[in-house]
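What follows is the content of my_file_39.cif, which has mmCIF, C-alpha atoms (C1' of nucleotides):
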data_my_file
loop_
_atom_site.label_atom_id
_atom_site.label_comp_id
_atom_site.auth_asym_id
_atom_site.auth_seq_id
_atom_site.Cartn_x
_atom_site.Cartn_y
_atom_site.Cartn_z
CA MET A 48 4.51 33.18 32.49
CA SER A 49 4.70 29.64 31.35
CA VAL A 50 1.91 30.05 28.80
CA LYS A 51 4.54 30.43 26.15
CA ARG A 52 6.31 27.27 27.18
CA VAL A 53 3.12 25.27 27.19
CA LEU A 54 2.28 26.26 23.66
CA THR A 55 5.82 25.72 22.47
CA GLU A 56 6.18 22.23 23.85
CA ARG A 57 2.71 21.31 22.79
CA ALA A 58 3.55 22.38 19.27
CA ASP A 59 6.76 20.38 19.41
CA ALA A 60 4.85 17.27 20.39
CA VAL A 61 2.29 17.63 17.63
CA SER A 62 4.59 16.67 14.79
CA ALA A 63 5.73 13.56 16.62
CA LEU A 64 2.13 12.66 17.37
CA ALA A 65 1.25 13.17 13.73
CA GLU A 66 3.82 10.65 12.61
CA VAL A 67 2.44 8.01 14.97
CA PHE A 68 -1.15 8.62 13.84
CA ARG A 69 -0.03 8.46 10.25
CA GLU A 70 1.76 5.17 10.69
CA HIS A 71 -0.70 3.39 12.96
CA GLY A 72 -4.03 5.12 12.44
CA PHE A 73 -6.16 6.51 15.25
CA GLU A 74 -7.04 3.21 16.87
CA GLY A 75 -3.60 1.74 16.39
CA ALA A 76 -1.83 4.70 17.93
CA SER A 77 -1.60 3.63 21.56
CA LEU A 78 -0.71 5.98 24.35
CA SER A 79 2.53 4.12 24.91
CA LEU A 80 3.49 4.67 21.27
CA LEU A 81 2.50 8.31 21.48
CA SER A 82 4.40 8.68 24.71
CA LYS A 83 7.51 7.08 23.28
CA ALA A 84 7.40 9.13 20.09
CA THR A 85 7.05 12.45 21.88
CA GLY A 86 9.38 11.59 24.72
CA LEU A 87 6.65 12.73 27.07
CA GLY A 88 5.17 10.66 29.86
CA LYS A 89 1.47 10.09 30.15
CA GLY A 90 1.29 12.86 32.70
CA SER A 91 2.73 15.44 30.32
CA LEU A 92 0.64 14.18 27.46
CA TYR A 93 -2.57 14.58 29.42
CA ASN A 94 -1.36 17.89 30.72
CA PHE A 95 -1.07 19.23 27.18
CA PHE A 96 -4.07 17.34 25.82
CA PRO A 97 -6.63 16.88 28.61
CA GLY A 98 -9.02 15.43 26.05
CA GLY A 99 -6.78 12.42 25.48
CA LYS A 100 -6.15 10.86 22.10
CA GLU A 101 -9.02 12.66 20.49
CA GLU A 102 -7.63 16.05 21.42
CA MET A 103 -4.18 14.99 20.26
CA MET A 104 -5.58 14.03 16.89
CA GLU A 105 -7.54 17.26 16.77
CA ALA A 106 -4.36 19.21 17.41
CA VAL A 107 -2.53 17.27 14.74
CA LEU A 108 -5.28 17.92 12.22
CA ALA A 109 -5.35 21.60 13.10
CA ASP A 110 -1.60 21.72 12.58
CA ILE A 111 -1.87 20.00 9.22
CA ASP A 112 -4.71 22.29 8.28
CA SER A 113 -2.74 25.41 9.01
CA TRP A 114 0.32 24.11 7.20
CA PHE A 115 -1.69 23.37 4.08
CA ALA A 116 -3.59 26.63 4.37
CA THR A 117 -0.45 28.74 4.29
CA THR A 118 1.79 26.60 2.11
CA ILE A 119 -0.65 25.14 -0.40
CA PHE A 120 -4.07 26.75 -0.36
CA ALA A 121 -3.23 30.44 0.03
CA PRO A 122 -0.70 30.57 -2.84
CA LEU A 123 -3.24 28.90 -5.11
CA GLU A 124 -5.97 31.30 -4.08
CA GLN A 125 -3.84 34.40 -4.65
CA ALA A 126 -1.87 33.19 -7.62
CA HIS A 127 -0.62 35.81 -10.02
CA ASP A 128 1.15 33.22 -12.12
CA PRO A 129 -1.12 30.13 -12.17
CA ALA A 130 1.40 27.89 -13.93
CA ALA A 131 4.06 28.68 -11.36
CA ALA A 132 1.53 28.23 -8.57
CA VAL A 133 0.48 24.73 -9.61
CA THR A 134 4.10 23.75 -10.19
CA SER A 135 4.98 24.93 -6.73
CA MET A 136 1.98 23.04 -5.31
CA ILE A 137 3.15 19.85 -6.97
CA GLU A 138 6.65 20.32 -5.59
CA ASP A 139 5.45 21.07 -2.08
CA VAL A 140 3.07 18.13 -2.08
CA THR A 141 5.73 15.77 -3.37
CA ALA A 142 8.08 16.87 -0.63
CA TYR A 143 5.38 16.80 2.05
CA PHE A 144 4.30 13.27 1.24
CA ARG A 145 7.90 12.18 0.82
CA SER A 146 7.20 10.88 -2.68
CA GLY A 147 4.41 8.70 -1.38
CA ARG A 148 6.30 7.13 1.50
CA ARG A 149 4.44 9.36 3.86
CA VAL A 150 0.73 8.84 4.15
CA CYS A 151 -1.94 11.55 4.03
CA LEU A 152 -3.36 11.48 7.54
CA VAL A 153 -6.48 13.36 6.55
CA GLY A 154 -7.23 10.90 3.79
CA CYS A 155 -6.48 7.93 6.01
CA ILE A 156 -8.74 8.77 8.89
CA GLY A 157 -11.53 9.42 6.43
CA LEU A 158 -11.26 5.78 5.42
CA SER A 159 -11.73 4.18 8.82
CA SER A 160 -14.81 4.39 10.99
CA SER A 161 -12.84 6.04 13.77
CA GLY A 162 -12.52 9.02 11.49
CA ALA A 163 -16.21 9.83 11.80
CA ALA A 164 -15.40 12.06 14.77
CA PHE A 165 -13.25 14.23 12.54
CA ALA A 166 -15.54 14.25 9.52
CA ILE A 167 -16.01 18.03 9.42
CA ARG A 168 -12.30 18.61 9.36
CA THR A 169 -11.45 16.00 6.72
CA ARG A 170 -14.28 17.23 4.56
CA SER A 171 -13.22 20.87 4.69
CA TYR A 172 -9.60 19.92 4.00
CA PHE A 173 -10.49 18.38 0.66
CA VAL A 174 -13.18 20.88 -0.23
CA ARG A 175 -10.83 23.77 0.34
CA TRP A 176 -7.96 22.15 -1.52
CA ILE A 177 -10.13 21.48 -4.54
CA SER A 178 -11.71 24.91 -4.55
CA ALA A 179 -8.34 26.62 -4.14
CA LEU A 180 -6.93 24.69 -7.06
CA ALA A 181 -10.03 25.34 -9.15
CA HIS A 182 -9.78 29.03 -8.35
CA CYS A 183 -6.18 29.01 -9.51
CA LEU A 184 -7.20 27.44 -12.79
CA GLU A 185 -9.96 29.98 -13.23
CA THR A 186 -7.44 32.73 -12.70
CA ALA A 187 -5.62 31.27 -15.67
CA GLY A 188 -8.80 31.59 -17.72
CA VAL A 189 -10.08 28.04 -17.42
CA PRO A 190 -13.91 28.11 -17.25
CA PRO A 191 -15.34 27.27 -13.82
CA SER A 192 -16.89 23.95 -14.76
CA PRO A 193 -13.81 22.21 -16.18
CA ALA A 194 -11.64 23.96 -13.58
CA GLU A 195 -13.63 22.38 -10.77
CA ARG A 196 -13.56 19.01 -12.49
CA ILE A 197 -9.83 19.07 -13.12
CA ALA A 198 -9.07 20.26 -9.60
CA GLU A 199 -11.13 17.43 -8.15
CA GLU A 200 -9.41 14.93 -10.38
CA VAL A 201 -5.94 16.13 -9.44
CA VAL A 202 -6.51 16.21 -5.69
CA SER A 203 -8.12 12.78 -5.91
CA GLY A 204 -5.22 11.64 -8.08
CA ILE A 205 -2.68 12.71 -5.48
CA GLN A 206 -4.43 10.61 -2.86
CA GLY A 207 -4.49 7.67 -5.22
CA ALA A 208 -0.81 8.07 -5.91
CA ILE A 209 -0.08 7.79 -2.20
CA VAL A 210 -2.16 4.65 -1.85
CA LEU A 211 -0.55 3.08 -4.89
CA ALA A 212 3.00 4.01 -3.95
CA ARG A 213 2.59 2.67 -0.43
CA ALA A 214 0.98 -0.54 -1.63
CA VAL A 215 3.62 -1.37 -4.23
CA GLY A 216 6.42 0.15 -2.19
CA ASP A 217 7.59 2.23 -5.09
CA GLU A 218 8.22 5.95 -4.87
CA ALA A 219 8.67 6.09 -8.63
CA ALA A 220 5.02 5.17 -9.09
CA PHE A 221 4.06 8.18 -7.00
CA LEU A 222 6.28 10.46 -9.00
CA ARG A 223 4.94 9.17 -12.32
CA VAL A 224 1.31 9.68 -11.35
CA ILE A 225 1.98 13.09 -9.82
CA HIS A 226 3.82 14.12 -12.95
CA ARG A 227 0.73 13.28 -14.98
CA GLN A 228 -1.40 15.42 -12.68
CA HIS A 229 1.07 18.22 -13.11
CA SER A 230 0.85 17.92 -16.88
CA THR A 231 -2.93 17.92 -16.74
CA LEU A 232 -2.90 21.18 -14.81
CA LEU A 233 -0.36 22.86 -17.07
CA ALA A 234 -2.19 21.69 -20.18
CA ALA A 235 -5.46 23.14 -18.91
CA ILE A 236 -3.74 26.44 -18.22
CA ALA A 237 -1.89 26.54 -21.53
CA ARG A 238 -5.00 25.64 -23.50
CA THR A 239 -6.64 28.91 -22.57
CA PRO A 240 -5.52 32.25 -24.02
CA PRO A 241 -3.65 34.40 -21.52
CA GLN A 242 -6.19 36.94 -20.31
CA SER A 243 -3.71 39.75 -19.74
CA ALA A 244 -2.54 42.37 -22.21
CA MET B 300 -17.42 -35.81 6.24
CA SER B 301 -17.60 -32.39 7.71
CA VAL B 302 -14.76 -31.04 5.61
CA LYS B 303 -17.33 -29.56 3.27
CA ARG B 304 -19.13 -27.84 6.11
CA VAL B 305 -15.94 -26.41 7.46
CA LEU B 306 -15.03 -24.81 4.17
CA THR B 307 -18.57 -23.61 3.57
CA GLU B 308 -18.96 -21.90 6.89
CA ARG B 309 -15.46 -20.53 6.77
CA ALA B 310 -16.25 -18.98 3.41
CA ASP B 311 -19.46 -17.53 4.80
CA ALA B 312 -17.57 -15.90 7.62
CA VAL B 313 -14.99 -14.35 5.35
CA SER B 314 -17.25 -11.73 3.84
CA ALA B 315 -18.43 -10.62 7.26
CA LEU B 316 -14.84 -10.46 8.47
CA ALA B 317 -13.93 -8.42 5.41
CA GLU B 318 -16.48 -5.77 6.21
CA VAL B 319 -15.15 -5.38 9.75
CA PHE B 320 -11.55 -5.09 8.55
CA ARG B 321 -12.65 -2.58 5.95
CA GLU B 322 -14.45 -0.41 8.45
CA HIS B 323 -12.01 -0.60 11.37
CA GLY B 324 -8.68 -1.58 9.86
CA PHE B 325 -6.57 -4.47 11.06
CA GLU B 326 -5.73 -3.09 14.48
CA GLY B 327 -9.18 -1.67 15.06
CA ALA B 328 -10.95 -4.91 14.22
CA SER B 329 -11.22 -6.50 17.65
CA LEU B 330 -12.12 -10.12 18.17
CA SER B 331 -15.38 -9.08 19.76
CA LEU B 332 -16.30 -7.07 16.66
CA LEU B 333 -15.30 -9.93 14.41
CA SER B 334 -17.24 -12.35 16.55
CA LYS B 335 -20.33 -10.18 16.49
CA ALA B 336 -20.16 -9.59 12.76
CA THR B 337 -19.81 -13.27 11.91
CA GLY B 338 -22.20 -14.50 14.56
CA LEU B 339 -19.47 -16.94 15.61
CA GLY B 340 -18.04 -17.23 19.09
CA LYS B 341 -14.35 -17.02 19.73
CA GLY B 342 -14.22 -20.79 19.80
CA SER B 343 -15.58 -21.12 16.30
CA LEU B 344 -13.46 -18.28 15.01
CA TYR B 345 -10.29 -19.91 16.25
CA ASN B 346 -11.51 -23.25 15.02
CA PHE B 347 -11.73 -21.90 11.47
CA PHE B 348 -8.74 -19.60 11.73
CA PRO B 349 -6.22 -21.11 14.15
CA GLY B 350 -3.80 -18.36 13.24
CA GLY B 351 -6.03 -15.70 14.77
CA LYS B 352 -6.64 -12.27 13.28
CA GLU B 353 -3.74 -12.57 10.92
CA GLU B 354 -5.13 -15.71 9.35
CA MET B 355 -8.56 -14.13 9.13
CA MET B 356 -7.13 -11.18 7.28
CA GLU B 357 -5.14 -13.53 5.07
CA ALA B 358 -8.34 -15.39 4.21
CA VAL B 359 -10.15 -12.16 3.48
CA LEU B 360 -7.35 -10.98 1.21
CA ALA B 361 -7.29 -14.31 -0.59
CA ASP B 362 -11.02 -14.03 -1.11
CA ILE B 363 -10.73 -10.50 -2.48
CA ASP B 364 -7.85 -11.60 -4.66
CA SER B 365 -9.82 -14.40 -6.23
CA TRP B 366 -12.88 -12.21 -6.75
CA PHE B 367 -10.82 -9.59 -8.56
CA ALA B 368 -8.92 -12.23 -10.50
CA THR B 369 -12.05 -13.72 -12.00
CA THR B 370 -14.27 -10.65 -12.22
CA ILE B 371 -11.80 -7.90 -13.08
CA PHE B 372 -8.37 -9.16 -14.10
CA ALA B 373 -9.21 -12.16 -16.27
CA PRO B 374 -11.70 -10.33 -18.54
CA LEU B 375 -9.13 -7.59 -19.08
CA GLU B 376 -6.41 -10.08 -19.87
CA GLN B 377 -8.49 -11.99 -22.39
CA ALA B 378 -10.44 -9.10 -23.82
CA HIS B 379 -11.64 -9.46 -27.39
CA ASP B 380 -13.40 -6.11 -27.23
CA PRO B 381 -11.16 -3.79 -25.18
CA ALA B 382 -13.65 -0.94 -25.04
CA ALA B 383 -16.34 -3.23 -23.68
CA ALA B 384 -13.87 -4.77 -21.27
CA VAL B 385 -12.81 -1.48 -19.70
CA THR B 386 -16.43 -0.34 -19.52
CA SER B 387 -17.34 -3.51 -17.73
CA MET B 388 -14.38 -3.06 -15.37
CA ILE B 389 -15.54 0.43 -14.50
CA GLU B 390 -19.06 -0.82 -13.84
CA ASP B 391 -17.90 -3.74 -11.71
CA VAL B 392 -15.53 -1.55 -9.72
CA THR B 393 -18.19 1.08 -9.15
CA ALA B 394 -20.57 -1.56 -7.86
CA TYR B 395 -17.90 -3.29 -5.79
CA PHE B 396 -16.81 -0.13 -4.02
CA ARG B 397 -20.42 0.99 -3.66
CA SER B 398 -19.68 4.27 -5.41
CA GLY B 399 -16.92 5.02 -2.95
CA ARG B 400 -18.86 4.30 0.22
CA ARG B 401 -17.01 1.04 0.55
CA VAL B 402 -13.31 1.21 1.15
CA CYS B 403 -10.62 -0.74 -0.71
CA LEU B 404 -9.26 -3.04 1.97
CA VAL B 405 -6.11 -3.79 0.01
CA GLY B 406 -5.35 -0.14 -0.42
CA CYS B 407 -6.13 0.61 3.22
CA ILE B 408 -3.89 -1.94 4.82
CA GLY B 409 -1.09 -0.81 2.59
CA LEU B 410 -1.36 2.59 4.26
CA SER B 411 -0.95 1.50 7.87
CA SER B 412 2.11 -0.10 9.38
CA SER B 413 0.11 -3.18 10.34
CA GLY B 414 -0.17 -3.89 6.62
CA ALA B 415 3.53 -4.71 6.39
CA ALA B 416 2.71 -8.34 7.13
CA PHE B 417 0.60 -8.47 3.98
CA ALA B 418 2.90 -6.47 1.75
CA ILE B 419 3.38 -9.22 -0.83
CA ARG B 420 -0.33 -9.58 -1.32
CA THR B 421 -1.14 -5.90 -1.55
CA ARG B 422 1.71 -5.39 -3.95
CA SER B 423 0.67 -8.17 -6.30
CA TYR B 424 -2.94 -6.99 -6.22
CA PHE B 425 -2.02 -3.62 -7.68
CA VAL B 426 0.70 -4.91 -9.96
CA ARG B 427 -1.64 -7.42 -11.51
CA TRP B 428 -4.49 -4.96 -11.85
CA ILE B 429 -2.28 -2.46 -13.62
CA SER B 430 -0.70 -5.02 -15.89
CA ALA B 431 -4.07 -6.57 -16.77
CA LEU B 432 -5.44 -3.17 -17.67
CA ALA B 433 -2.31 -2.29 -19.62
CA HIS B 434 -2.55 -5.56 -21.49
CA CYS B 435 -6.12 -4.77 -22.40
CA LEU B 436 -5.08 -1.40 -23.79
CA GLU B 437 -2.29 -3.03 -25.77
CA THR B 438 -4.82 -5.42 -27.23
CA ALA B 439 -6.60 -2.34 -28.51
CA GLY B 440 -3.39 -1.23 -30.20
CA VAL B 441 -2.13 1.21 -27.59
CA PRO B 442 1.68 1.02 -27.48
CA PRO B 443 3.08 -0.64 -24.34
CA SER B 444 4.62 2.45 -22.81
CA PRO B 445 1.55 4.71 -22.74
CA ALA B 446 -0.63 1.69 -21.99
CA GLU B 447 1.30 1.00 -18.82
CA ARG B 448 1.24 4.65 -17.85
CA ILE B 449 -2.49 5.06 -18.42
CA ALA B 450 -3.28 1.82 -16.61
CA GLU B 451 -1.27 2.95 -13.61
CA GLU B 452 -2.96 6.31 -13.63
CA VAL B 453 -6.44 4.81 -13.78
CA VAL B 454 -5.91 2.24 -11.02
CA SER B 455 -4.33 4.93 -8.89
CA GLY B 456 -7.19 7.24 -9.76
CA ILE B 457 -9.76 4.72 -8.57
CA GLN B 458 -8.05 4.54 -5.20
CA GLY B 459 -7.97 8.30 -5.00
CA ALA B 460 -11.66 8.47 -5.84
CA ILE B 461 -12.43 6.21 -2.89
CA VAL B 462 -10.37 8.32 -0.52
CA LEU B 463 -11.95 11.53 -1.75
CA ALA B 464 -15.51 10.22 -1.73
CA ARG B 465 -15.16 8.89 1.81
CA ALA B 466 -13.54 12.07 3.06
CA VAL B 467 -16.15 14.43 1.66
CA GLY B 468 -18.97 11.94 2.13
CA ASP B 469 -20.11 12.33 -1.43
CA GLU B 470 -20.70 9.41 -3.77
CA ALA B 471 -21.11 11.81 -6.66
CA ALA B 472 -17.46 12.78 -6.35
CA PHE B 473 -16.50 9.14 -6.77
CA LEU B 474 -18.69 8.79 -9.83
CA ARG B 475 -17.32 11.96 -11.42
CA VAL B 476 -13.70 10.93 -10.99
CA ILE B 477 -14.37 7.38 -12.13
CA HIS B 478 -16.16 8.71 -15.17
CA ARG B 479 -13.05 10.66 -16.07
CA GLN B 480 -10.94 7.53 -15.76
CA HIS B 481 -13.39 5.72 -18.00
CA SER B 482 -13.14 8.46 -20.60
CA THR B 483 -9.35 8.35 -20.44
CA LEU B 484 -9.39 4.64 -21.16
CA LEU B 485 -11.88 4.90 -24.01
CA ALA B 486 -10.02 7.83 -25.52
CA ALA B 487 -6.77 5.89 -25.50
CA ILE B 488 -8.48 2.98 -27.22
CA ALA B 489 -10.28 5.12 -29.77
CA ARG B 490 -7.15 7.09 -30.58
CA THR B 491 -5.48 4.01 -32.04
CA PRO B 492 -6.56 2.51 -35.38
CA PRO B 493 -8.50 -0.73 -34.98
CA GLN B 494 -5.99 -3.46 -35.73
CA SER B 495 -8.54 -5.89 -37.22
CA ALA B 496 -9.70 -6.10 -40.87
"C1'" DA C 26 14.15 32.67 50.16
"C1'" DC C 27 9.45 31.83 49.63
"C1'" DC C 28 5.43 30.20 47.46
"C1'" DA C 29 2.01 29.55 43.73
"C1'" DT C 30 1.98 27.51 39.44
"C1'" DC C 31 3.18 24.41 36.08
"C1'" DT C 32 5.12 20.00 34.79
"C1'" DT C 33 6.19 15.24 35.17
"C1'" DG C 34 6.78 10.30 36.51
"C1'" DT C 35 4.65 6.64 38.71
"C1'" DA C 36 1.18 3.90 40.40
"C1'" DC C 37 -3.09 2.53 39.65
"C1'" DC C 38 -8.07 1.96 37.68
"C1'" DG C 39 -11.58 -0.95 35.20
"C1'" DA C 40 -12.11 -2.47 30.56
"C1'" DT C 41 -10.73 -4.71 26.79
"C1'" DC C 42 -7.21 -6.69 24.06
"C1'" DG C 43 -5.70 -11.27 21.40
"C1'" DG C 44 -5.44 -15.82 22.51
"C1'" DT C 45 -6.02 -20.54 25.03
"C1'" DA C 46 -8.28 -24.39 27.53
"C1'" DC C 47 -11.73 -27.27 27.73
"C1'" DA C 48 -16.05 -29.33 28.65
"C1'" DA C 49 -20.63 -29.68 26.79
"C1'" DG C 50 -23.15 -30.07 22.61
"C1'" DA C 51 -24.06 -31.17 17.74
"C1'" DT C 52 -23.07 -34.29 13.90
"C1'" DG C 53 -22.65 -38.23 11.09
"C1'" DG C 54 -20.71 -42.97 9.92
"C1'" DC C 55 -21.68 -47.40 11.40
"C1'" DG D 120 -27.63 -46.66 19.90
"C1'" DC D 121 -22.79 -45.85 19.99
"C1'" DC D 122 -18.72 -43.49 19.51
"C1'" DA D 123 -15.23 -40.65 17.15
"C1'" DT D 124 -15.05 -36.31 15.25
"C1'" DC D 125 -16.17 -31.71 14.76
"C1'" DT D 126 -18.09 -27.49 16.60
"C1'" DT D 127 -19.17 -24.14 20.00
"C1'" DG D 128 -19.83 -21.29 24.25
"C1'" DT D 129 -17.72 -19.99 28.32
"C1'" DA D 130 -14.34 -19.13 31.51
"C1'" DC D 131 -10.05 -17.62 31.92
"C1'" DC D 132 -5.04 -15.98 30.88
"C1'" DG D 133 -1.49 -12.20 31.03
"C1'" DA D 134 -0.88 -7.96 28.58
"C1'" DT D 135 -2.19 -3.75 27.23
"C1'" DC D 136 -5.67 -0.46 26.45
"C1'" DG D 137 -7.22 4.73 27.47
"C1'" DG D 138 -7.53 7.41 31.28
"C1'" DT D 139 -7.05 9.26 36.33
"C1'" DA D 140 -4.84 10.53 40.79
"C1'" DC D 141 -1.42 12.55 42.91
"C1'" DA D 142 2.84 13.49 45.04
"C1'" DA D 143 7.44 14.98 43.98
"C1'" DG D 144 10.05 18.02 41.20
"C1'" DA D 145 11.09 22.08 38.22
"C1'" DT D 146 10.09 26.91 37.40
"C1'" DG D 147 9.66 31.71 37.85
"C1'" DG D 148 7.55 36.04 39.94
"C1'" DT D 149 8.22 38.66 43.96
#

Starting from the file, lay out its structure as structure tokens.
Amino acid sequence: MSVKRVLTERADAVSALAEVFREHGFEGASLSLLSKATGLGKGSLYNFFPGGKEEMMEAVLADIDSWFATTIFAPLEQAHDPAAAVTSMIEDVTAYFRSGRRVCLVGCIGLSSSGAAFAIRTRSYFVRWISALAHCLETAGVPPSPAERIAEEVVSGIQGAIVLARAVGDEAAFLRVIHRQHSTLLAAIARTPPQSA
Amino acid sequence: MSVKRVLTERADAVSALAEVFREHGFEGASLSLLSKATGLGKGSLYNFFPGGKEEMMEAVLADIDSWFATTIFAPLEQAHDPAAAVTSMIEDVTAYFRSGRRVCLVGCIGLSSSGAAFAIRTRSYFVRWISALAHCLETAGVPPSPAERIAEEVVSGIQGAIVLARAVGDEAAFLRVIHRQHSTLLAAIARTPPQSA
DNA sequence: ACCATCTTGTACCGATCGGTACAAGATGGC
DNA sequence: GCCATCTTGTACCGATCGGTACAAGATGGT
């Protein structure tokens, strides 16, 4: 049956859609842009996403969510080696955001009023990221209170690094700020005595 | 002559325009929204801003630029008491961004592709902010290299705090992150010996 | 080969987009 | 009061918006 094909092609389109939403925002992403980027006509687009732009964005956000869940959040939540886990998070995030050239869609839509429709999703994205990172720090022996605070600061700092890097057009700025966040995390981990034998 | 009136009313409109651009972005800010927000018809709008939306945005950015220049940048650049200067910056910024409820327009337009037309302005906004803050730290005796790094981190951190606070819909998150930035600045200042008598 | 299903391009919808034209209405110097 | 200037609302422009309708074209089970 063609169920498989539907899902496959839909999934293929999602990443192209994501890039358009990233670059132009929800309101700025016109159907003609979305159509051009995916190589699909309006007919196909509305066949895959009967709900129109909103459903496309929803699919994109779900895709992002699942990528982060498996690549970023889960490793943090189940970290055996916290230092390695945060280092790997930093590397993955740097690659994902292309050193700040690529915008964080979740952060972006939270900024504009059109993002109100996706508030639950954007909220849970950040809440889960912060709590996963905090949990990782706690695994390393950092007390809950500073762990939560540091995690919040780092996730916030990553978003800031993207804004700054885009605004000044300088990837190096992103890398410098992210490096500081990395150091903050490692310092917090190192400052606590290893809790194992 | 009516030159005075023109400038006065134009200036009045700018703040209303700014709020629309903030909330909807450049592409999402339609002329009807801008007209409604300012209380001016299309005729008046194009009388004041013959260049259309682009000129409106340019005027808004110029307005923001001058506000930051006098309220934020200048005090940092001429600080006699660095600790007081950074504290006052934090307070002004917190009030300006309404504890994260209000978005940073300069940061926002840097994120979307429509902001390319204003790249020079967004770039200089951040560059000057960072260098003013770095200069203030140097005045306090912080060596240039860490001063620049800390300044960059703090300005970036403020942007991140806005993104985070908007996304999770929690002003407290903004205040917590900003408080950390404040502490970072004060710690850097306190760590260096006072260079006066 | 046949047919039901899925997929796609095209034409089209009303609404709204950013922007222009312009005439009527305020304003202020004289 | 008069007239030049400035200001403003309204009507209108072509283009594009998001979205729908639908017929022609794959596709695949049987």

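Once the PyMOL selection byres ((chain B) within 7 of (chain D)) is applied to this file, the selection holds B:Gly340, B:Gly342, B:Ser343.
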
Can you write just those residues out, C-alpha atoms, as a compact mmCIF listing (two decimals), in the coordinates of the input?
# COMPACT_ATOMS: atom_id res chain seq x y z
CA GLY B 340 -18.04 -17.23 19.09
CA GLY B 342 -14.22 -20.79 19.80
CA SER B 343 -15.58 -21.12 16.30

**Study point:** Matched chain/residue IDs from the PyMOL selection byres ((chain A and resi 218) around 9), as a PyMOL selection string
**Key:** chain A and resi 145-148+209+212-213+215-217+219-223

Exercise for review: Could you please select, counting all atoms listed in the file, the residues of chain C within 8 Å of chain A and state them as a ChimeraX atom specification?
Suggested key: /C:31-34

Exercise for review: Please identify every residue of chain A that has at least one atom no more than 6 Å from any atom of chain B, counting all atoms listed in the file, and report them as a PyMOL selection string.
Suggested key: chain A and resi 70-71+74-75+154+157+159-160+169-170+200+203-204+206-208+210-211+213-215+224

Point to revise | Distance in Å - atom CA of B:Leu484 versus atom CA of A:Thr231 | key: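 Separation of atom CA of B:Leu484 and atom CA of A:Thr231: 15.4 Å.
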
Point to revise | Å distance separating atom CA of B:Thr491 from atom CA of A:Ser192, one decimal place | key: 28.7 Å

Check your understanding: In Å, how far is it from atom CA of A:Ser79 to atom CA of B:Leu332?
Key ->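 About the pair atom CA of A:Ser79 and atom CA of B:Leu332: they are 23.4 Å apart.
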
As a PDB file, in the frame of the given file, the rebuilt stretch 394-406 of chain B with N, CA and C atoms:
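Below is the file result26.pdb, written as the result:
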ATOM      1  N   ALA B 394     -19.645  -0.784  -8.683  1.00  0.00           N
ATOM      2  CA  ALA B 394     -20.570  -1.560  -7.860  1.00  0.00           C
ATOM      3  C   ALA B 394     -19.848  -2.125  -6.650  1.00  0.00           C
ATOM      4  N   TYR B 395     -18.644  -2.656  -6.876  1.00  0.00           N
ATOM      5  CA  TYR B 395     -17.900  -3.290  -5.790  1.00  0.00           C
ATOM      6  C   TYR B 395     -17.605  -2.303  -4.669  1.00  0.00           C
ATOM      7  N   PHE B 396     -17.169  -1.130  -5.032  1.00  0.00           N
ATOM      8  CA  PHE B 396     -16.810  -0.130  -4.020  1.00  0.00           C
ATOM      9  C   PHE B 396     -17.999   0.727  -3.619  1.00  0.00           C
ATOM     10  N   ARG B 397     -19.191   0.295  -4.057  1.00  0.00           N
ATOM     11  CA  ARG B 397     -20.420   0.990  -3.660  1.00  0.00           C
ATOM     12  C   ARG B 397     -20.287   2.491  -3.879  1.00  0.00           C
ATOM     13  N   SER B 398     -19.835   2.858  -5.062  1.00  0.00           N
ATOM     14  CA  SER B 398     -19.680   4.270  -5.410  1.00  0.00           C
ATOM     15  C   SER B 398     -18.834   5.040  -4.402  1.00  0.00           C
ATOM     16  N   GLY B 399     -17.859   4.342  -3.838  1.00  0.00           N
ATOM     17  CA  GLY B 399     -16.920   5.020  -2.950  1.00  0.00           C
ATOM     18  C   GLY B 399     -17.307   4.958  -1.486  1.00  0.00           C
ATOM     19  N   ARG B 400     -18.486   4.436  -1.192  1.00  0.00           N
ATOM     20  CA  ARG B 400     -18.860   4.300   0.220  1.00  0.00           C
ATOM     21  C   ARG B 400     -18.048   3.175   0.860  1.00  0.00           C
ATOM     22  N   ARG B 401     -17.754   2.180   0.038  1.00  0.00           N
ATOM     23  CA  ARG B 401     -17.010   1.040   0.550  1.00  0.00           C
ATOM     24  C   ARG B 401     -15.527   1.233   0.244  1.00  0.00           C
ATOM     25  N   VAL B 402     -14.743   0.947   1.232  1.00  0.00           N
ATOM     26  CA  VAL B 402     -13.310   1.210   1.150  1.00  0.00           C
ATOM     27  C   VAL B 402     -12.583   0.045   0.473  1.00  0.00           C
ATOM     28  N   CYS B 403     -11.433   0.340  -0.142  1.00  0.00           N
ATOM     29  CA  CYS B 403     -10.620  -0.740  -0.710  1.00  0.00           C
ATOM     30  C   CYS B 403      -9.704  -1.277   0.398  1.00  0.00           C
ATOM     31  N   LEU B 404     -10.019  -2.464   0.852  1.00  0.00           N
ATOM     32  CA  LEU B 404      -9.260  -3.040   1.970  1.00  0.00           C
ATOM     33  C   LEU B 404      -7.780  -3.173   1.626  1.00  0.00           C
ATOM     34  N   VAL B 405      -7.502  -3.600   0.417  1.00  0.00           N
ATOM     35  CA  VAL B 405      -6.110  -3.790   0.010  1.00  0.00           C
ATOM     36  C   VAL B 405      -5.354  -2.474   0.052  1.00  0.00           C
ATOM     37  N   GLY B 406      -5.983  -1.438  -0.466  1.00  0.00           N
ATOM     38  CA  GLY B 406      -5.350  -0.140  -0.420  1.00  0.00           C
ATOM     39  C   GLY B 406      -5.158   0.353   1.007  1.00  0.00           C
TER      40      GLY B 406
END
